[in-house]
>>> print(open('my_file-v5.pdb').read())   # PDB, C-alpha atoms
ATOM      1  CA  PRO A   1       5.557  29.848  13.434  1.00  0.00           C
ATOM      2  CA  VAL A   2       5.516  26.161  14.317  1.00  0.00           C
ATOM      3  CA  GLU A   3       7.120  24.685  17.414  1.00  0.00           C
ATOM      4  CA  VAL A   4       7.722  20.943  17.474  1.00  0.00           C
ATOM      5  CA  ILE A   5       7.793  19.459  20.974  1.00  0.00           C
ATOM      6  CA  THR A   6       9.092  15.908  21.366  1.00  0.00           C
ATOM      7  CA  ARG A   7       9.980  13.584  24.190  1.00  0.00           C
ATOM      8  CA  PRO A   8      13.683  12.552  24.115  1.00  0.00           C
ATOM      9  CA  GLY A   9      13.999   8.808  23.691  1.00  0.00           C
ATOM     10  CA  SER A  10      10.671   8.491  21.881  1.00  0.00           C
ATOM     11  CA  MET A  11      10.020   7.397  18.294  1.00  0.00           C
ATOM     12  CA  PHE A  12      10.097  11.021  17.131  1.00  0.00           C
ATOM     13  CA  HIS A  13      13.198  11.963  19.122  1.00  0.00           C
ATOM     14  CA  PRO A  14      15.480   8.900  19.097  1.00  0.00           C
ATOM     15  CA  LEU A  15      18.757   8.951  20.971  1.00  0.00           C
ATOM     16  CA  PRO A  16      21.881   6.896  20.131  1.00  0.00           C
ATOM     17  CA  PRO A  17      22.083   3.960  19.656  1.00  0.00           C
ATOM     18  CA  ALA A  18      18.391   3.739  18.721  1.00  0.00           C
ATOM     19  CA  PRO A  19      17.819   2.327  15.194  1.00  0.00           C
ATOM     20  CA  CYS A  20      16.318   4.826  12.735  1.00  0.00           C
ATOM     21  CA  TYR A  21      15.968   2.893   9.461  1.00  0.00           C
ATOM     22  CA  LEU A  22      12.159   3.013   9.421  1.00  0.00           C
ATOM     23  CA  TYR A  23      11.890   6.660  10.477  1.00  0.00           C
ATOM     24  CA  GLY A  24       9.910   7.474   7.334  1.00  0.00           C
ATOM     25  CA  TRP A  25       7.015   5.233   8.323  1.00  0.00           C
ATOM     26  CA  SER A  26       6.405   7.031  11.610  1.00  0.00           C
ATOM     27  CA  ALA A  27       6.744  10.351   9.764  1.00  0.00           C
ATOM     28  CA  ILE A  28       3.984   9.323   7.353  1.00  0.00           C
ATOM     29  CA  SER A  29       1.644   8.504  10.234  1.00  0.00           C
ATOM     30  CA  ALA A  30       2.526  11.827  11.849  1.00  0.00           C
ATOM     31  CA  MET A  31       1.638  13.615   8.621  1.00  0.00           C
ATOM     32  CA  GLU A  32      -1.707  11.835   8.517  1.00  0.00           C
ATOM     33  CA  GLY A  33      -2.365  12.888  12.104  1.00  0.00           C
ATOM     34  CA  ILE A  34      -1.675  16.515  11.201  1.00  0.00           C
ATOM     35  CA  TYR A  35      -3.983  16.271   8.174  1.00  0.00           C
ATOM     36  CA  GLU A  36      -6.759  14.821  10.303  1.00  0.00           C
ATOM     37  CA  ALA A  37      -6.398  17.613  12.868  1.00  0.00           C
ATOM     38  CA  LEU A  38      -6.463  20.289  10.157  1.00  0.00           C
ATOM     39  CA  ALA A  39      -9.498  18.652   8.526  1.00  0.00           C
ATOM     40  CA  LYS A  40     -11.551  19.506  11.597  1.00  0.00           C
ATOM     41  CA  ALA A  41     -10.686  23.189  11.220  1.00  0.00           C
ATOM     42  CA  VAL A  42     -10.676  23.578   7.415  1.00  0.00           C
ATOM     43  CA  PRO A  43     -12.573  20.534   6.060  1.00  0.00           C
ATOM     44  CA  THR A  44     -12.822  21.833   2.501  1.00  0.00           C
ATOM     45  CA  ASP A  45      -9.051  22.298   2.216  1.00  0.00           C
ATOM     46  CA  VAL A  46      -7.803  18.909   3.466  1.00  0.00           C
ATOM     47  CA  PRO A  47      -8.336  15.457   1.898  1.00  0.00           C
ATOM     48  CA  ALA A  48      -9.440  12.374   3.774  1.00  0.00           C
ATOM     49  CA  GLY A  49      -6.772   9.959   4.985  1.00  0.00           C
ATOM     50  CA  SER A  50      -4.591   7.802   2.767  1.00  0.00           C
ATOM     51  CA  ALA A  51      -3.439   4.221   3.356  1.00  0.00           C
ATOM     52  CA  ALA A  52      -0.369   5.949   4.856  1.00  0.00           C
ATOM     53  CA  ASP A  53       2.420   3.628   3.762  1.00  0.00           C
ATOM     54  CA  ILE A  54       4.769   2.872   0.868  1.00  0.00           C
ATOM     55  CA  CYS A  55       3.971  -0.868   0.887  1.00  0.00           C
ATOM     56  CA  ALA A  56       7.574  -1.977   0.350  1.00  0.00           C
ATOM     57  CA  VAL A  57       8.637  -5.637   0.374  1.00  0.00           C
ATOM     58  CA  LEU A  58      12.294  -6.542  -0.290  1.00  0.00           C
ATOM     59  CA  VAL A  59      13.491  -9.998  -1.365  1.00  0.00           C
ATOM     60  CA  TRP A  60      16.945 -11.432  -2.065  1.00  0.00           C
ATOM     61  CA  GLY A  61      18.843 -14.630  -2.752  1.00  0.00           C
ATOM     62  CA  GLN A  62      21.395 -16.234  -5.081  1.00  0.00           C
ATOM     63  CA  LYS A  63      20.459 -16.462  -8.739  1.00  0.00           C
ATOM     64  CA  ASP A  64      22.993 -19.159  -9.558  1.00  0.00           C
ATOM     65  CA  LYS A  65      24.169 -21.570  -6.847  1.00  0.00           C
ATOM     66  CA  LYS A  66      27.259 -22.523  -8.848  1.00  0.00           C
ATOM     67  CA  TYR A  67      28.603 -19.001  -9.289  1.00  0.00           C
ATOM     68  CA  GLY A  68      26.898 -17.426  -6.310  1.00  0.00           C
ATOM     69  CA  GLU A  69      25.465 -14.469  -8.194  1.00  0.00           C
ATOM     70  CA  PRO A  70      23.399 -12.482  -5.653  1.00  0.00           C
ATOM     71  CA  TRP A  71      20.161 -10.686  -6.432  1.00  0.00           C
ATOM     72  CA  PHE A  72      18.141  -8.196  -4.470  1.00  0.00           C
ATOM     73  CA  GLY A  73      14.894  -6.520  -5.429  1.00  0.00           C
ATOM     74  CA  GLY A  74      11.991  -4.591  -4.032  1.00  0.00           C
ATOM     75  CA  SER A  75      10.198  -1.310  -4.287  1.00  0.00           C
ATOM     76  CA  PRO A  76       7.659   1.028  -2.772  1.00  0.00           C
ATOM     77  CA  PHE A  77       4.248   0.741  -4.370  1.00  0.00           C
ATOM     78  CA  PRO A  78       1.324   3.144  -4.844  1.00  0.00           C
ATOM     79  CA  MET A  79      -1.686   3.145  -2.563  1.00  0.00           C
ATOM     80  CA  GLY A  80      -4.905   5.090  -2.275  1.00  0.00           C
ATOM     81  CA  GLN A  81      -5.034   8.744  -1.257  1.00  0.00           C
ATOM     82  CA  GLY A  82      -8.101  10.304   0.330  1.00  0.00           C
ATOM     83  CA  GLY A  83     -11.003  11.884  -1.483  1.00  0.00           C
ATOM     84  CA  PHE A  84     -11.353  15.656  -1.141  1.00  0.00           C
ATOM     85  CA  ALA A  85     -13.947  18.396  -1.538  1.00  0.00           C
ATOM     86  CA  LYS A  86     -13.564  18.654  -5.314  1.00  0.00           C
ATOM     87  CA  GLY A  87     -12.826  15.124  -6.436  1.00  0.00           C
ATOM     88  CA  ASP A  88     -11.836  11.499  -5.887  1.00  0.00           C
ATOM     89  CA  GLY A  89      -8.544  10.452  -4.355  1.00  0.00           C
ATOM     90  CA  ASP A  90      -5.626   9.318  -6.501  1.00  0.00           C
ATOM     91  CA  THR A  91      -3.605   6.109  -6.585  1.00  0.00           C
ATOM     92  CA  MET A  92      -0.016   7.137  -5.979  1.00  0.00           C
ATOM     93  CA  ILE A  93       3.011   6.668  -3.751  1.00  0.00           C
ATOM     94  CA  HIS A  94       2.655   8.653  -0.526  1.00  0.00           C
ATOM     95  CA  VAL A  95       3.679  12.305  -0.688  1.00  0.00           C
ATOM     96  CA  ALA A  96       6.449  11.572   1.819  1.00  0.00           C
ATOM     97  CA  GLU A  97       8.071   9.421  -0.906  1.00  0.00           C
ATOM     98  CA  ALA A  98       7.251  11.640  -3.869  1.00  0.00           C
ATOM     99  CA  ALA A  99      10.477  10.815  -5.734  1.00  0.00           C
ATOM    100  CA  ALA A 100      10.097   7.025  -5.498  1.00  0.00           C
ATOM    101  CA  ARG A 101       9.225   4.901  -8.531  1.00  0.00           C
ATOM    102  CA  PHE A 102       9.251   1.259  -9.618  1.00  0.00           C
ATOM    103  CA  PRO A 103      10.186  -0.443 -12.912  1.00  0.00           C
ATOM    104  CA  PRO A 104       7.746  -2.079 -15.336  1.00  0.00           C
ATOM    105  CA  VAL A 105       6.730  -5.665 -14.609  1.00  0.00           C
ATOM    106  CA  GLU A 106       8.448  -6.855 -17.810  1.00  0.00           C
ATOM    107  CA  VAL A 107      11.782  -5.425 -16.682  1.00  0.00           C
ATOM    108  CA  TRP A 108      11.472  -7.050 -13.266  1.00  0.00           C
ATOM    109  CA  GLU A 109      10.735 -10.454 -14.757  1.00  0.00           C
ATOM    110  CA  ALA A 110      13.708 -10.141 -17.093  1.00  0.00           C
ATOM    111  CA  LEU A 111      16.137  -9.262 -14.292  1.00  0.00           C
ATOM    112  CA  TYR A 112      14.872 -11.271 -11.318  1.00  0.00           C
ATOM    113  CA  PRO A 113      13.776 -14.872 -10.705  1.00  0.00           C
ATOM    114  CA  TRP A 114      10.083 -14.167 -10.272  1.00  0.00           C
ATOM    115  CA  ILE A 115       6.880 -14.198 -12.293  1.00  0.00           C
ATOM    116  CA  PHE A 116       3.966 -11.831 -11.733  1.00  0.00           C
ATOM    117  CA  GLU A 117       0.472 -13.267 -11.528  1.00  0.00           C
ATOM    118  CA  LYS A 118      -1.324 -10.015 -10.814  1.00  0.00           C
ATOM    119  CA  PHE A 119      -0.658  -6.295 -10.862  1.00  0.00           C
ATOM    120  CA  GLU A 120      -3.983  -4.492 -10.838  1.00  0.00           C
ATOM    121  CA  LEU A 121      -6.118  -1.946  -9.030  1.00  0.00           C
ATOM    122  CA  ARG A 122      -7.598  -3.461  -5.873  1.00  0.00           C
ATOM    123  CA  GLN A 123     -11.344  -3.640  -6.287  1.00  0.00           C
ATOM    124  CA  ASP A 124     -13.426  -2.205  -3.415  1.00  0.00           C
ATOM    125  CA  SER A 125     -10.338  -0.931  -1.589  1.00  0.00           C
ATOM    126  CA  ALA A 126     -11.292   2.754  -1.756  1.00  0.00           C
ATOM    127  CA  GLY A 127     -13.535   4.268   0.891  1.00  0.00           C
ATOM    128  CA  ALA A 128     -16.982   5.223  -0.394  1.00  0.00           C
ATOM    129  CA  GLY A 129     -18.040   8.848  -0.408  1.00  0.00           C
ATOM    130  CA  GLU A 130     -19.488  11.652  -2.478  1.00  0.00           C
ATOM    131  CA  HIS A 131     -15.867  11.698  -3.611  1.00  0.00           C
ATOM    132  CA  ARG A 132     -14.394   8.240  -3.111  1.00  0.00           C
ATOM    133  CA  GLY A 133     -10.863   7.507  -2.009  1.00  0.00           C
ATOM    134  CA  GLY A 134      -8.136   6.367  -4.368  1.00  0.00           C
ATOM    135  CA  LEU A 135      -7.761   2.634  -4.956  1.00  0.00           C
ATOM    136  CA  GLY A 136      -4.936   0.475  -3.711  1.00  0.00           C
ATOM    137  CA  ILE A 137      -3.144  -2.096  -5.867  1.00  0.00           C
ATOM    138  CA  ASP A 138      -3.001  -5.898  -5.629  1.00  0.00           C
ATOM    139  CA  ILE A 139       0.406  -7.350  -6.562  1.00  0.00           C
ATOM    140  CA  VAL A 140       1.045 -11.097  -6.611  1.00  0.00           C
ATOM    141  CA  TYR A 141       4.261 -12.755  -7.784  1.00  0.00           C
ATOM    142  CA  GLU A 142       5.912 -16.161  -7.470  1.00  0.00           C
ATOM    143  CA  VAL A 143       9.618 -16.395  -6.639  1.00  0.00           C
ATOM    144  CA  LEU A 144      11.417 -19.159  -8.548  1.00  0.00           C
ATOM    145  CA  GLU A 145      14.374 -19.650  -6.184  1.00  0.00           C
ATOM    146  CA  ASP A 146      14.855 -19.929  -2.424  1.00  0.00           C
ATOM    147  CA  PHE A 147      14.890 -16.429  -0.971  1.00  0.00           C
ATOM    148  CA  SER A 148      14.750 -14.184   2.085  1.00  0.00           C
ATOM    149  CA  LEU A 149      12.222 -11.429   2.692  1.00  0.00           C
ATOM    150  CA  ILE A 150      11.899  -8.157   4.575  1.00  0.00           C
ATOM    151  CA  SER A 151       8.457  -6.615   4.759  1.00  0.00           C
ATOM    152  CA  THR A 152       8.163  -3.006   5.883  1.00  0.00           C
ATOM    153  CA  VAL A 153       4.410  -2.808   5.250  1.00  0.00           C
ATOM    154  CA  GLU A 154       2.710  -0.729   7.948  1.00  0.00           C
ATOM    155  CA  ARG A 155      -0.878   0.280   8.741  1.00  0.00           C
ATOM    156  CA  THR A 156      -2.237  -3.251   8.316  1.00  0.00           C
ATOM    157  CA  LYS A 157      -4.935  -2.668  10.939  1.00  0.00           C
ATOM    158  CA  VAL A 158      -5.651   1.070  10.741  1.00  0.00           C
ATOM    159  CA  PRO A 159      -7.324   2.065   7.446  1.00  0.00           C
ATOM    160  CA  GLY A 160      -7.342   5.430   5.757  1.00  0.00           C
ATOM    161  CA  TRP A 161      -9.665   7.684   7.745  1.00  0.00           C
ATOM    162  CA  ALA A 162     -12.771   9.165   6.146  1.00  0.00           C
ATOM    163  CA  ALA A 163     -13.982  12.765   6.185  1.00  0.00           C
ATOM    164  CA  GLN A 164     -17.336  14.545   6.182  1.00  0.00           C
ATOM    165  CA  GLY A 165     -19.442  11.390   6.340  1.00  0.00           C
ATOM    166  CA  GLY A 166     -17.393   9.236   3.968  1.00  0.00           C
ATOM    167  CA  LYS A 167     -16.235   5.684   4.693  1.00  0.00           C
ATOM    168  CA  GLN A 168     -12.812   4.274   5.451  1.00  0.00           C
ATOM    169  CA  GLY A 169     -10.647   2.575   2.869  1.00  0.00           C
ATOM    170  CA  LYS A 170      -9.170  -0.907   3.236  1.00  0.00           C
ATOM    171  CA  PRO A 171      -5.858  -1.203   5.124  1.00  0.00           C
ATOM    172  CA  ASN A 172      -2.593  -2.550   3.713  1.00  0.00           C
ATOM    173  CA  GLY A 173      -1.544  -6.175   3.967  1.00  0.00           C
ATOM    174  CA  VAL A 174       0.868  -8.893   2.842  1.00  0.00           C
ATOM    175  CA  THR A 175       0.049 -12.584   2.408  1.00  0.00           C
ATOM    176  CA  ILE A 176       2.605 -15.344   1.856  1.00  0.00           C
ATOM    177  CA  THR A 177       1.407 -18.506   0.103  1.00  0.00           C
ATOM    178  CA  TYR A 178       3.756 -21.472   0.503  1.00  0.00           C
ATOM    179  CA  PRO A 179       4.206 -24.094  -2.244  1.00  0.00           C
ATOM    180  CA  ASP A 180       1.891 -26.466  -0.344  1.00  0.00           C
ATOM    181  CA  GLY A 181      -0.873 -23.858  -0.378  1.00  0.00           C
ATOM    182  CA  LYS A 182      -0.604 -22.813   3.266  1.00  0.00           C
ATOM    183  CA  GLN A 183      -0.951 -19.058   3.781  1.00  0.00           C
ATOM    184  CA  LYS A 184       0.488 -16.634   6.306  1.00  0.00           C
ATOM    185  CA  LYS A 185      -0.388 -12.973   6.807  1.00  0.00           C
ATOM    186  CA  ILE A 186       2.492 -10.708   7.806  1.00  0.00           C
ATOM    187  CA  GLY A 187       3.132  -7.025   8.485  1.00  0.00           C
ATOM    188  CA  LYS A 188       6.654  -5.917   9.309  1.00  0.00           C
ATOM    189  CA  ILE A 189       9.131  -8.781   9.412  1.00  0.00           C
ATOM    190  CA  THR A 190      12.880  -9.212   8.867  1.00  0.00           C
ATOM    191  CA  GLY A 191      14.822 -12.088   7.303  1.00  0.00           C
ATOM    192  CA  LEU A 192      11.906 -14.450   6.665  1.00  0.00           C
ATOM    193  CA  GLN A 193      13.289 -17.527   4.880  1.00  0.00           C
ATOM    194  CA  LEU A 194      11.032 -18.870   2.124  1.00  0.00           C
ATOM    195  CA  PRO A 195      11.341 -21.754  -0.359  1.00  0.00           C
ATOM    196  CA  LYS A 196      11.157 -21.344  -4.123  1.00  0.00           C
ATOM    197  CA  GLY A 197       7.636 -21.472  -5.442  1.00  0.00           C
ATOM    198  CA  SER A 198       6.325 -19.264  -2.632  1.00  0.00           C
ATOM    199  CA  LYS A 199       4.059 -16.421  -3.649  1.00  0.00           C
ATOM    200  CA  ILE A 200       3.999 -12.893  -2.249  1.00  0.00           C
ATOM    201  CA  ALA A 201       0.746 -10.939  -2.340  1.00  0.00           C
ATOM    202  CA  ILE A 202       0.999  -7.242  -1.494  1.00  0.00           C
ATOM    203  CA  HIS A 203      -2.343  -5.575  -0.849  1.00  0.00           C
ATOM    204  CA  CYS A 204      -1.917  -1.798  -0.975  1.00  0.00           C
ATOM    205  CA  GLY A 205      -4.650  -0.016   0.934  1.00  0.00           C
ATOM    206  CA  GLY A 206      -7.224   2.490  -0.288  1.00  0.00           C
ATOM    207  CA  GLY A 207      -7.888   6.080   0.700  1.00  0.00           C
ATOM    208  CA  GLY A 208     -10.807   7.267   2.786  1.00  0.00           C
ATOM    209  CA  GLY A 209     -13.933   8.703   1.204  1.00  0.00           C
ATOM    210  CA  TYR A 210     -15.012  12.338   1.463  1.00  0.00           C
ATOM    211  CA  GLY A 211     -18.659  13.265   1.947  1.00  0.00           C
ATOM    212  CA  ASP A 212     -21.881  11.247   2.199  1.00  0.00           C
ATOM    213  CA  PRO A 213     -21.776   8.304  -0.286  1.00  0.00           C
ATOM    214  CA  LYS A 214     -25.496   8.803  -0.986  1.00  0.00           C
ATOM    215  CA  LYS A 215     -24.618  12.122  -2.637  1.00  0.00           C
ATOM    216  CA  ARG A 216     -22.296  10.560  -5.177  1.00  0.00           C
ATOM    217  CA  SER A 217     -23.326  11.070  -8.759  1.00  0.00           C
ATOM    218  CA  PRO A 218     -25.036   7.947 -10.225  1.00  0.00           C
ATOM    219  CA  GLU A 219     -22.960   8.471 -13.370  1.00  0.00           C
ATOM    220  CA  LEU A 220     -19.754   8.204 -11.338  1.00  0.00           C
ATOM    221  CA  VAL A 221     -20.982   5.069  -9.554  1.00  0.00           C
ATOM    222  CA  GLU A 222     -21.809   3.515 -12.939  1.00  0.00           C
ATOM    223  CA  ARG A 223     -18.364   4.462 -14.233  1.00  0.00           C
ATOM    224  CA  ASP A 224     -16.668   2.857 -11.220  1.00  0.00           C
ATOM    225  CA  LEU A 225     -18.684  -0.309 -11.811  1.00  0.00           C
ATOM    226  CA  ARG A 226     -17.853  -0.343 -15.511  1.00  0.00           C
ATOM    227  CA  GLU A 227     -14.145   0.133 -14.862  1.00  0.00           C
ATOM    228  CA  GLY A 228     -14.104  -2.583 -12.182  1.00  0.00           C
ATOM    229  CA  TYR A 229     -13.091  -0.186  -9.399  1.00  0.00           C
ATOM    230  CA  ILE A 230     -16.028  -1.397  -7.302  1.00  0.00           C
ATOM    231  CA  SER A 231     -18.165  -4.542  -7.275  1.00  0.00           C
ATOM    232  CA  GLN A 232     -21.944  -4.663  -7.580  1.00  0.00           C
ATOM    233  CA  GLU A 233     -22.144  -5.681  -3.920  1.00  0.00           C
ATOM    234  CA  PHE A 234     -20.031  -2.691  -2.879  1.00  0.00           C
ATOM    235  CA  ALA A 235     -22.215  -0.334  -4.897  1.00  0.00           C
ATOM    236  CA  GLU A 236     -25.426  -1.700  -3.399  1.00  0.00           C
ATOM    237  CA  LEU A 237     -24.040  -1.533   0.139  1.00  0.00           C
ATOM    238  CA  ASN A 238     -22.694   2.002  -0.076  1.00  0.00           C
ATOM    239  CA  TYR A 239     -24.496   3.926  -2.794  1.00  0.00           C
ATOM    240  CA  ASN A 240     -28.128   2.725  -2.826  1.00  0.00           C
TER     241      ASN A 240
END
>>> encode(input="my_file-v5.pdb", output="structure tokens")
Amino acid sequence: PVEVITRPGSMFHPLPPAPCYLYGWSAISAMEGIYEALAKAVPTDVPAGSAADICAVLVWGQKDKKYGEPWFGGSPFPMGQGGFAKGDGDTMIHVAEAAARFPPVEVWEALYPWIFEKFELRQDSAGAGEHRGGLGIDIVYEVLEDFSLISTVERTKVPGWAAQGGKQGKPNGVTITYPDGKQKKIGKITGLQLPKGSKIAIHCGGGGGYGDPKKRSPELVERDLREGYISQEFAELNYN
């Protein structure tokens, strides 16, 4: 027995000819808002907030100028989910995109003109808590030909919300590094023209923590340190 009330002409009730390509991103934020509301009523049944995005960046160009062979690549990426009453958050693609997946780095490098420098869990991205949030992922790759870029990365300012005394995770972000070393931070952008040798860094956000960080098991803190999920500074700031 749920009634959905919308305002015609708004983001959640678009009217022709309003563009709807990014409808999924607003839906994800709406889901997070519903979770946060439910968490106040049934806190033990709802996780803390996620980074609430699919962190997708799309790039394209021509692989061979002589023959004009086009290429196009991009993917959603995993980010941190919120901690919950019985455990830590996971690192996974948002539940709104449960069927999405991405190929192995080796396959990408074989098919596309780019080289990966980094594809690893993002240290200190998860919100601290008795049950910490899930970690985001840092992805950095260099594109070897001139190319164009669309970034649909959202929630670059609003992090995953915490629950029951936990702490927020880190938000999402994208950084472009030009061949001369100059950097530019972007969020959503369409048709950005970039020269070969530019690097794209996608910073997938972390989930919010659940519960007072001081109550986290010392054994779990030591494990997170050992695995590189958190730094010594992060541990001292949040768990001592």
>>> residues_around(input="my_file-v5.pdb", residues="Pro159 (chain A)", least_positions_apart="4", cutoff="9 Å", atoms="only C-alpha atoms", output="list in words")
Gly49, Ser50, Ala51, Ala52, Arg155, Gln168, Gly169, Lys170, Pro171, Asn172, Gly205, Gly206, Gly207 and Gly208 of chain A
>>> closest_atom_pairs(input="my_file-v5.pdb", of="region 2-53 of chain A", to="region 91-105 of chain A", cutoff="12 Å", atoms="all atoms listed in the file", output="JSON lines")
{"residue": "A:Tyr23", "atom": "CA", "partner": "A:Ala96", "partner_atom": "CA", "distance": 11.3}
{"residue": "A:Gly24", "atom": "CA", "partner": "A:Ala96", "partner_atom": "CA", "distance": 7.7}
{"residue": "A:Trp25", "atom": "CA", "partner": "A:Ala96", "partner_atom": "CA", "distance": 9.1}
{"residue": "A:Ser26", "atom": "CA", "partner": "A:Ala96", "partner_atom": "CA", "distance": 10.8}
{"residue": "A:Ala27", "atom": "CA", "partner": "A:Ala96", "partner_atom": "CA", "distance": 8.0}
{"residue": "A:Ile28", "atom": "CA", "partner": "A:Ala96", "partner_atom": "CA", "distance": 6.5}
{"residue": "A:Ser29", "atom": "CA", "partner": "A:Ala96", "partner_atom": "CA", "distance": 10.2}
{"residue": "A:Ala30", "atom": "CA", "partner": "A:Ala96", "partner_atom": "CA", "distance": 10.8}
{"residue": "A:Met31", "atom": "CA", "partner": "A:Ala96", "partner_atom": "CA", "distance": 8.6}
{"residue": "A:Glu32", "atom": "CA", "partner": "A:His94", "partner_atom": "CA", "distance": 10.5}
{"residue": "A:Gly49", "atom": "CA", "partner": "A:His94", "partner_atom": "CA", "distance": 11.0}
{"residue": "A:Ser50", "atom": "CA", "partner": "A:His94", "partner_atom": "CA", "distance": 8.0}
{"residue": "A:Ala51", "atom": "CA", "partner": "A:His94", "partner_atom": "CA", "distance": 8.5}
{"residue": "A:Ala52", "atom": "CA", "partner": "A:His94", "partner_atom": "CA", "distance": 6.7}
{"residue": "A:Asp53", "atom": "CA", "partner": "A:His94", "partner_atom": "CA", "distance": 6.6}
>>> atom_distance(input="my_file-v5.pdb", atom1="CA of Ala110 (chain A)", atom2="CA of Ser148 (chain A)")
19.6 Å
>>> resolve_selection(input="my_file-v5.pdb", expression="the PyMOL selection byres ((chain A and resi 192) around 9)", output="PDB file with C-alpha atoms, in the coordinates of the input")
ATOM      1  CA  PHE A 147      14.890 -16.429  -0.971  1.00  0.00           C
ATOM      2  CA  SER A 148      14.750 -14.184   2.085  1.00  0.00           C
ATOM      3  CA  LEU A 149      12.222 -11.429   2.692  1.00  0.00           C
ATOM      4  CA  ILE A 150      11.899  -8.157   4.575  1.00  0.00           C
ATOM      5  CA  SER A 151       8.457  -6.615   4.759  1.00  0.00           C
ATOM      6  CA  ILE A 189       9.131  -8.781   9.412  1.00  0.00           C
ATOM      7  CA  THR A 190      12.880  -9.212   8.867  1.00  0.00           C
ATOM      8  CA  GLY A 191      14.822 -12.088   7.303  1.00  0.00           C
ATOM      9  CA  GLN A 193      13.289 -17.527   4.880  1.00  0.00           C
ATOM     10  CA  LEU A 194      11.032 -18.870   2.124  1.00  0.00           C
TER      11      LEU A 194
END
>>> closest_residue(input="my_file-v5.pdb", among="A:Glu130, A:Cys55, A:Glu154, A:Ile139", to="Glu117 (chain A)", atoms="only C-alpha atoms")
A:Ile139
>>> resolve_selection(input="my_file-v5.pdb", expression="the PyMOL selection byres ((chain A and resi 63) around 10)", output="ChimeraX atom specification")
/A:60-62,64-72,112-113,144-147
>>> write_last_selection(input="my_file-v5.pdb", atoms="C-alpha atoms", output="PDB file, keeping the file's coordinate frame")
ATOM      1  CA  TRP A  60      16.945 -11.432  -2.065  1.00  0.00           C
ATOM      2  CA  GLY A  61      18.843 -14.630  -2.752  1.00  0.00           C
ATOM      3  CA  GLN A  62      21.395 -16.234  -5.081  1.00  0.00           C
ATOM      4  CA  ASP A  64      22.993 -19.159  -9.558  1.00  0.00           C
ATOM      5  CA  LYS A  65      24.169 -21.570  -6.847  1.00  0.00           C
ATOM      6  CA  LYS A  66      27.259 -22.523  -8.848  1.00  0.00           C
ATOM      7  CA  TYR A  67      28.603 -19.001  -9.289  1.00  0.00           C
ATOM      8  CA  GLY A  68      26.898 -17.426  -6.310  1.00  0.00           C
ATOM      9  CA  GLU A  69      25.465 -14.469  -8.194  1.00  0.00           C
ATOM     10  CA  PRO A  70      23.399 -12.482  -5.653  1.00  0.00           C
ATOM     11  CA  TRP A  71      20.161 -10.686  -6.432  1.00  0.00           C
ATOM     12  CA  PHE A  72      18.141  -8.196  -4.470  1.00  0.00           C
ATOM     13  CA  TYR A 112      14.872 -11.271 -11.318  1.00  0.00           C
ATOM     14  CA  PRO A 113      13.776 -14.872 -10.705  1.00  0.00           C
ATOM     15  CA  LEU A 144      11.417 -19.159  -8.548  1.00  0.00           C
ATOM     16  CA  GLU A 145      14.374 -19.650  -6.184  1.00  0.00           C
ATOM     17  CA  ASP A 146      14.855 -19.929  -2.424  1.00  0.00           C
ATOM     18  CA  PHE A 147      14.890 -16.429  -0.971  1.00  0.00           C
TER      19      PHE A 147
END
>>> residues_near_point(input="my_file-v5.pdb", point="(-0.7, -6.7, 11.6)", cutoff="7 Å", atoms="all atoms listed in the file", output="list in words")
Thr156, Lys157, Ile186 and Gly187 of chain A
>>> closest_residue(input="my_file-v5.pdb", among="A:Tyr35, A:Gly9, A:Ala163, A:Asp124", to="Leu237 (chain A)", atoms="all atoms listed in the file")
A:Asp124
>>> atom_distance(input="my_file-v5.pdb", atom1="CA of Gly134 (chain A)", atom2="CA of Leu58 (chain A)")
24.5 Å
>>> closest_residue(input="my_file-v5.pdb", among="A:Gly165, A:Gly74, A:Asp88, A:Ala37", to="Tyr141 (chain A)", atoms="all atoms listed in the file")
A:Gly74
>>> atom_distance(input="my_file-v5.pdb", atom1="CA of Ile176 (chain A)", atom2="CA of Asp90 (chain A)")
27.3 Å
>>> decode(input="my_file-v5.pdb", residues="region 112-117 of chain A", atoms="N, CA, C and O atoms", output="PDB file, in the first residue's frame")
ATOM      1  N   TYR A 112      41.378  -1.865 -26.112  1.00  0.00           N
ATOM      2  CA  TYR A 112      41.286  -0.412 -26.182  1.00  0.00           C
ATOM      3  C   TYR A 112      42.659   0.235 -26.024  1.00  0.00           C
ATOM      4  O   TYR A 112      43.565  -0.342 -25.414  1.00  0.00           O
ATOM      5  N   PRO A 113      42.808   1.463 -26.541  1.00  0.00           N
ATOM      6  CA  PRO A 113      44.105   2.141 -26.462  1.00  0.00           C
ATOM      7  C   PRO A 113      44.319   2.824 -25.120  1.00  0.00           C
ATOM      8  O   PRO A 113      44.405   4.053 -25.038  1.00  0.00           O
ATOM      9  N   TRP A 114      44.362   2.050 -24.054  1.00  0.00           N
ATOM     10  CA  TRP A 114      44.669   2.621 -22.751  1.00  0.00           C
ATOM     11  C   TRP A 114      45.410   1.622 -21.884  1.00  0.00           C
ATOM     12  O   TRP A 114      45.368   0.423 -22.099  1.00  0.00           O
ATOM     13  N   ILE A 115      46.127   2.159 -20.907  1.00  0.00           N
ATOM     14  CA  ILE A 115      46.929   1.361 -19.986  1.00  0.00           C
ATOM     15  C   ILE A 115      46.530   1.726 -18.561  1.00  0.00           C
ATOM     16  O   ILE A 115      46.506   2.911 -18.196  1.00  0.00           O
ATOM     17  N   PHE A 116      46.244   0.730 -17.754  1.00  0.00           N
ATOM     18  CA  PHE A 116      45.874   0.971 -16.360  1.00  0.00           C
ATOM     19  C   PHE A 116      47.109   1.135 -15.482  1.00  0.00           C
ATOM     20  O   PHE A 116      48.049   0.351 -15.569  1.00  0.00           O
ATOM     21  N   GLU A 117      47.084   2.165 -14.659  1.00  0.00           N
ATOM     22  CA  GLU A 117      48.123   2.359 -13.654  1.00  0.00           C
ATOM     23  C   GLU A 117      47.690   1.837 -12.291  1.00  0.00           C
ATOM     24  O   GLU A 117      48.519   1.415 -11.485  1.00  0.00           O
TER      25      GLU A 117
END
